[in-house]
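Asker: Please read through the structure below; I'll follow up with questions.
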Protein chains: 2
Amino acid sequence: MGKSSVNRRVGVKRANAAPDTPEEKKDARTRLLDAALAVIRTKGFSATRVDELCAAAGVAKGGFFHHFKSKEALGVAAADYWNETTSSLFESAPYHRSSDPLTRFLDYLQFRRALIAGEIPEFTCLVGTMTQEVYETSPDIRDACWRSISGHAETLEADIKAAMKKYNVDGMSAKSLALYTQATIQGAFILAKAKDDPKVAIDCIDHLIRYVELLFGRKGGKASRK
Amino acid sequence: MGKSSVNRRVGVKRANAAPDTPEEKKDARTRLLDAALAVIRTKGFSATRVDELCAAAGVAKGGFFHHFKSKEALGVAAADYWNETTSSLFESAPYHRSSDPLTRFLDYLQFRRALIAGEIPEFTCLVGTMTQEVYETSPDIRDACWRSISGHAETLEADIKAAMKKYNVDGMSAKSLALYTQATIQGAFILAKAKDDPKVAIDCIDHLIRYVELLFGRKGGKASRK
DNA sequence: GATAACAGACCGACTAGTCGGTAAGGGTAC
DNA sequence: GTACCCTTACCGACTAGTCGGTCTGTTATC
């Protein structure tokens, strides 16, 4: 099945010469990376086959190894690509609007909560998944994953620091709280995967939100969140 | 290397006839499961090779498939075995001593905190790692992982429920808080792996402890934990 | 005509799983 | 008590198929 009809797009417009063409067809490298995000998030890095990515991207084996010198190099590139993709998503998200830093931070958490929808591979985290598999076997991928996680956490630090100052909260660092939010979100994804139910992840985000509210005294001492 | 000297334990005592013999040499199945815990925690399920487990356990290929009908079946058995192992660890742990349920719960969290020591594969969670890889490809393993996680969370529910009653905390379920602790711990492991530093995981547990303290009003409103 | 961007046949190492065999107990009939 | 047999545990060579990676084209663009 599907052997002769796969690559009948012979006259594909050289996309890189005119990247502004609004055609849906991106270049092979990008298509491979898009495929990598989808497949790796679904079945992990080790179980992802190069041939599978080629098929999904409509690229032949030679094309893959033209752009990536090895599967591991693709892993690094995928983590970086994920970093770019998510960065622009969060940059353009609406949670930066409020003038109050704590509200911005809480709105971020609400935004993360709202992202948990649809199928599990669609909202879970690529770099969290890859980290678990390769942290001992591929330092390059591991470091790329950490860059993505810690880099994202750093985008929260300014607001957290400002909120801590404004509401007189101390006893911890803004960086540590930012990382804690990421840990909790990653853990929430694991539970959702294990239970096969996104709801349990949402419950976790609600606890996280409650923690921040209690920490900054926005809600009364003895929780009462609905 | 190591081909002729592997199985020179010819006169191995029939272990199942007299399981009380204090010999260090367990039966092949147990040795395979022990090997599975170590190897899978280090490099994940997909990247773990059957031959590798056989070598680590000092068992031949045939022995492996005598005890497990497939690699996937081993995955299920490993999750169950992990469940048994950790259950007895936590049952015999000292955090059940206090007469106050909240103290017992907080002592549990301190116990989890104290477990984070040594090399990363030694304190991270098997079922959390496996879940990420196989949640879509192997429902059997995924379910076994969920049994382990949720089963462990359930051991906390009674104390949490009692503490909620005693300290008049509501607005959430004991079950959901128990699961939240597990999510956070799992997420803490991911950060530790990504950063290659257990310290970041300990910081996360400290936040979790602070959350519980705030929730139950054990510490003043505006955190001040050192 | 040089180069980048692929195509796709091919290779060799690897890998899950098979299969026929061996040996050690345990039951039991005598 | 021993001869017989069945079951369970385990061995290890073998296989059929898989997978990352290579190599030799081919085509379009500058």
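Ordering of the structure tokens sets the chain letters (A, B, ...); residue numbers start at 1 within each chain; ligands are numbered from 1 in the order shown.
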Using only C-alpha atoms (C1' of nucleotides), find each residue in chain D having at least one atom no more than 8 Å away from chain A; report its shortest atom-to-atom pair and that distance in Å (one decimal), rows by chain then rising number, as a Markdown table.

Answerer:
```
| residue | atom | partner | partner_atom | distance |
| --- | --- | --- | --- | --- |
| D:DC19 | C1' | A:Arg49 | CA | 7.5 |
| D:DG20 | C1' | A:Val50 | CA | 7.6 |
| D:DG21 | C1' | A:Ser70 | CA | 7.8 |
```

Asker: Which residues of chain A come within 10 Å of chain C, and what is each one's closest atom pair and distance in Å (one decimal), counting only C-alpha atoms (C1' of nucleotides), sorted by chain and residue number, as CSV?

Answerer:
```
residue,atom,partner,partner_atom,distance
A:Asn7,CA,C:DA7,C1',9.3
A:Arg14,CA,C:DA5,C1',9.3
A:Asp27,CA,C:DA5,C1',9.8
A:Ala28,CA,C:DC6,C1',8.7
A:Val59,CA,C:DC6,C1',8.0
A:Ala60,CA,C:DA7,C1',6.0
A:Lys61,CA,C:DG8,C1',7.4
A:Gly62,CA,C:DA7,C1',6.7
A:Gly63,CA,C:DC6,C1',5.3
A:Phe64,CA,C:DC6,C1',9.0
A:His66,CA,C:DC6,C1',8.0
A:His67,CA,C:DA5,C1',9.2
```

Asker: Any chance you could tabulate, as JSON lines, the residues of chain A at most 8 Å from chain B with each one's nearest atom pair and distance in Å to one decimal, using only C-alpha atoms, in chain and rising number order?

Answerer:
```
{"residue": "A:Thr42", "atom": "CA", "partner": "B:Glu136", "partner_atom": "CA", "distance": 6.4}
{"residue": "A:Lys43", "atom": "CA", "partner": "B:Glu133", "partner_atom": "CA", "distance": 5.5}
{"residue": "A:Gly44", "atom": "CA", "partner": "B:Glu133", "partner_atom": "CA", "distance": 4.9}
{"residue": "A:Ser46", "atom": "CA", "partner": "B:Ser46", "partner_atom": "CA", "distance": 5.8}
{"residue": "A:Ala47", "atom": "CA", "partner": "B:Ser46", "partner_atom": "CA", "distance": 5.9}
{"residue": "A:Gly128", "atom": "CA", "partner": "B:Ile190", "partner_atom": "CA", "distance": 6.5}
{"residue": "A:Thr129", "atom": "CA", "partner": "B:Gln132", "partner_atom": "CA", "distance": 5.9}
{"residue": "A:Thr131", "atom": "CA", "partner": "B:Ala194", "partner_atom": "CA", "distance": 5.8}
{"residue": "A:Gln132", "atom": "CA", "partner": "B:Thr129", "partner_atom": "CA", "distance": 5.9}
{"residue": "A:Glu133", "atom": "CA", "partner": "B:Gly44", "partner_atom": "CA", "distance": 4.9}
{"residue": "A:Val134", "atom": "CA", "partner": "B:Lys43", "partner_atom": "CA", "distance": 6.3}
{"residue": "A:Tyr135", "atom": "CA", "partner": "B:Lys193", "partner_atom": "CA", "distance": 5.8}
{"residue": "A:Glu136", "atom": "CA", "partner": "B:Thr42", "partner_atom": "CA", "distance": 6.4}
{"residue": "A:Thr137", "atom": "CA", "partner": "B:Lys43", "partner_atom": "CA", "distance": 6.7}
{"residue": "A:Arg142", "atom": "CA", "partner": "B:Ala194", "partner_atom": "CA", "distance": 5.6}
{"residue": "A:Asp143", "atom": "CA", "partner": "B:Ala194", "partner_atom": "CA", "distance": 6.7}
{"residue": "A:Cys145", "atom": "CA", "partner": "B:Ala194", "partner_atom": "CA", "distance": 6.4}
{"residue": "A:Trp146", "atom": "CA", "partner": "B:Ala194", "partner_atom": "CA", "distance": 5.0}
{"residue": "A:Asn168", "atom": "CA", "partner": "B:Lys222", "partner_atom": "CA", "distance": 7.8}
{"residue": "A:Val169", "atom": "CA", "partner": "B:Lys222", "partner_atom": "CA", "distance": 6.0}
{"residue": "A:Asp170", "atom": "CA", "partner": "B:Ser224", "partner_atom": "CA", "distance": 6.3}
{"residue": "A:Gly171", "atom": "CA", "partner": "B:Ser224", "partner_atom": "CA", "distance": 4.8}
{"residue": "A:Met172", "atom": "CA", "partner": "B:Lys226", "partner_atom": "CA", "distance": 7.7}
{"residue": "A:Ser176", "atom": "CA", "partner": "B:Asp203", "partner_atom": "CA", "distance": 6.9}
{"residue": "A:Leu177", "atom": "CA", "partner": "B:His207", "partner_atom": "CA", "distance": 7.5}
{"residue": "A:Leu179", "atom": "CA", "partner": "B:Cys204", "partner_atom": "CA", "distance": 7.7}
{"residue": "A:Tyr180", "atom": "CA", "partner": "B:Cys204", "partner_atom": "CA", "distance": 5.3}
{"residue": "A:Gln182", "atom": "CA", "partner": "B:Gly187", "partner_atom": "CA", "distance": 7.6}
{"residue": "A:Ala183", "atom": "CA", "partner": "B:Gly187", "partner_atom": "CA", "distance": 4.1}
{"residue": "A:Thr184", "atom": "CA", "partner": "B:Thr184", "partner_atom": "CA", "distance": 4.6}
{"residue": "A:Ile185", "atom": "CA", "partner": "B:Gly187", "partner_atom": "CA", "distance": 7.0}
{"residue": "A:Gln186", "atom": "CA", "partner": "B:Gly187", "partner_atom": "CA", "distance": 4.9}
{"residue": "A:Gly187", "atom": "CA", "partner": "B:Gly187", "partner_atom": "CA", "distance": 3.9}
{"residue": "A:Ala188", "atom": "CA", "partner": "B:Ala183", "partner_atom": "CA", "distance": 5.2}
{"residue": "A:Ile190", "atom": "CA", "partner": "B:Gln132", "partner_atom": "CA", "distance": 6.5}
{"residue": "A:Leu191", "atom": "CA", "partner": "B:Ala183", "partner_atom": "CA", "distance": 6.4}
{"residue": "A:Lys193", "atom": "CA", "partner": "B:Tyr135", "partner_atom": "CA", "distance": 5.8}
{"residue": "A:Ala194", "atom": "CA", "partner": "B:Trp146", "partner_atom": "CA", "distance": 5.0}
{"residue": "A:Lys195", "atom": "CA", "partner": "B:Trp146", "partner_atom": "CA", "distance": 5.8}
{"residue": "A:Asp196", "atom": "CA", "partner": "B:Tyr135", "partner_atom": "CA", "distance": 7.7}
{"residue": "A:Val200", "atom": "CA", "partner": "B:Ser176", "partner_atom": "CA", "distance": 8.0}
{"residue": "A:Asp203", "atom": "CA", "partner": "B:Ser176", "partner_atom": "CA", "distance": 6.8}
{"residue": "A:Cys204", "atom": "CA", "partner": "B:Tyr180", "partner_atom": "CA", "distance": 5.3}
{"residue": "A:His207", "atom": "CA", "partner": "B:Tyr180", "partner_atom": "CA", "distance": 7.1}
{"residue": "A:Tyr211", "atom": "CA", "partner": "B:Tyr211", "partner_atom": "CA", "distance": 5.5}
{"residue": "A:Leu214", "atom": "CA", "partner": "B:Leu214", "partner_atom": "CA", "distance": 6.6}
{"residue": "A:Leu215", "atom": "CA", "partner": "B:Lys222", "partner_atom": "CA", "distance": 6.0}
{"residue": "A:Phe216", "atom": "CA", "partner": "B:Lys222", "partner_atom": "CA", "distance": 6.6}
{"residue": "A:Gly217", "atom": "CA", "partner": "B:Gly221", "partner_atom": "CA", "distance": 6.5}
{"residue": "A:Gly221", "atom": "CA", "partner": "B:Gly221", "partner_atom": "CA", "distance": 6.3}
{"residue": "A:Lys222", "atom": "CA", "partner": "B:Leu215", "partner_atom": "CA", "distance": 6.0}
{"residue": "A:Ala223", "atom": "CA", "partner": "B:Leu215", "partner_atom": "CA", "distance": 6.2}
{"residue": "A:Ser224", "atom": "CA", "partner": "B:Gly171", "partner_atom": "CA", "distance": 4.8}
{"residue": "A:Arg225", "atom": "CA", "partner": "B:Gly171", "partner_atom": "CA", "distance": 5.5}
{"residue": "A:Lys226", "atom": "CA", "partner": "B:Gly171", "partner_atom": "CA", "distance": 5.9}
```

Asker: Where does DSSP see helix (DSSP H, G or I) in range 1-225 of chain A, if you list the residues as a count of residues only?

Answerer: 150

Asker: Env of Ile209 in chain B: 7 Å cut, atoms = only C-alpha atoms (C1' of nucleotides), seq-sep filter 4 positions within chain, self excluded. Answer as a short mmCIF file (atom, residue, chain, number, x, y, z; two decimals) with N, CA and C atoms, in the first residue's frame.

Answerer:
```cif
data_model
loop_
_atom_site.label_atom_id
_atom_site.label_comp_id
_atom_site.auth_asym_id
_atom_site.auth_seq_id
_atom_site.Cartn_x
_atom_site.Cartn_y
_atom_site.Cartn_z
N LEU B 106 2.47 15.13 56.01
CA LEU B 106 3.68 15.94 55.80
C LEU B 106 4.94 15.10 55.99
N LEU B 109 5.62 13.37 52.82
CA LEU B 109 6.28 14.22 51.84
C LEU B 109 7.76 14.40 52.18
N ILE B 205 9.70 19.47 45.72
CA ILE B 205 9.04 18.87 46.88
C ILE B 205 8.83 19.92 47.97
N GLU B 213 1.11 22.88 53.69
CA GLU B 213 1.10 23.66 54.93
C GLU B 213 0.16 24.85 54.83
#
```

Asker: In Å, how far is it from CA of Glu52 in chain A to CA of Leu32 in chain A?

Answerer: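 If I compute the distance from CA of Glu52 in chain A to CA of Leu32 in chain A, I get 9.9 Å.
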
Asker: Near Ser87 in chain B, counting only C-alpha atoms (C1' of nucleotides), which residues have an atom at most 12 Å away, once you skip same-chain residues fewer than 5 positions from it, shown as a PyMOL selection string?

Answerer: chain B and resi 79-82+92-93+147-156

Asker: Atoms to include: C-alpha atoms. Write the selected residues as a compact mmCIF listing (two decimals), in the first residue's frame.

Answerer:
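Result file part-v2.txt:
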```
# COMPACT_ATOMS: atom_id res chain seq x y z
CA ALA B 79 5.14 -2.41 36.55
CA ASP B 80 3.40 -4.86 38.88
CA TYR B 81 6.70 -5.82 40.44
CA TRP B 82 7.52 -2.16 40.92
CA SER B 92 7.38 -0.08 56.40
CA ALA B 93 8.46 3.57 56.22
CA ARG B 147 -2.61 0.93 38.88
CA SER B 148 0.74 1.58 40.52
CA ILE B 149 0.39 5.36 40.60
CA SER B 150 -3.23 5.52 41.66
CA GLY B 151 -2.82 2.66 44.10
CA HIS B 152 -0.02 4.49 45.82
CA ALA B 153 -2.03 7.71 45.87
CA GLU B 154 -4.89 5.86 47.51
CA THR B 155 -2.69 4.93 50.44
CA LEU B 156 -2.55 8.66 51.22
```

Asker: Please measure the separation of C1' of DC11 in chain D and CA of Arg29 in chain B, giving the value in Å to one decimal.

Answerer: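 CA of Arg29 in chain B lies 14.7 Å from C1' of DC11 in chain D.
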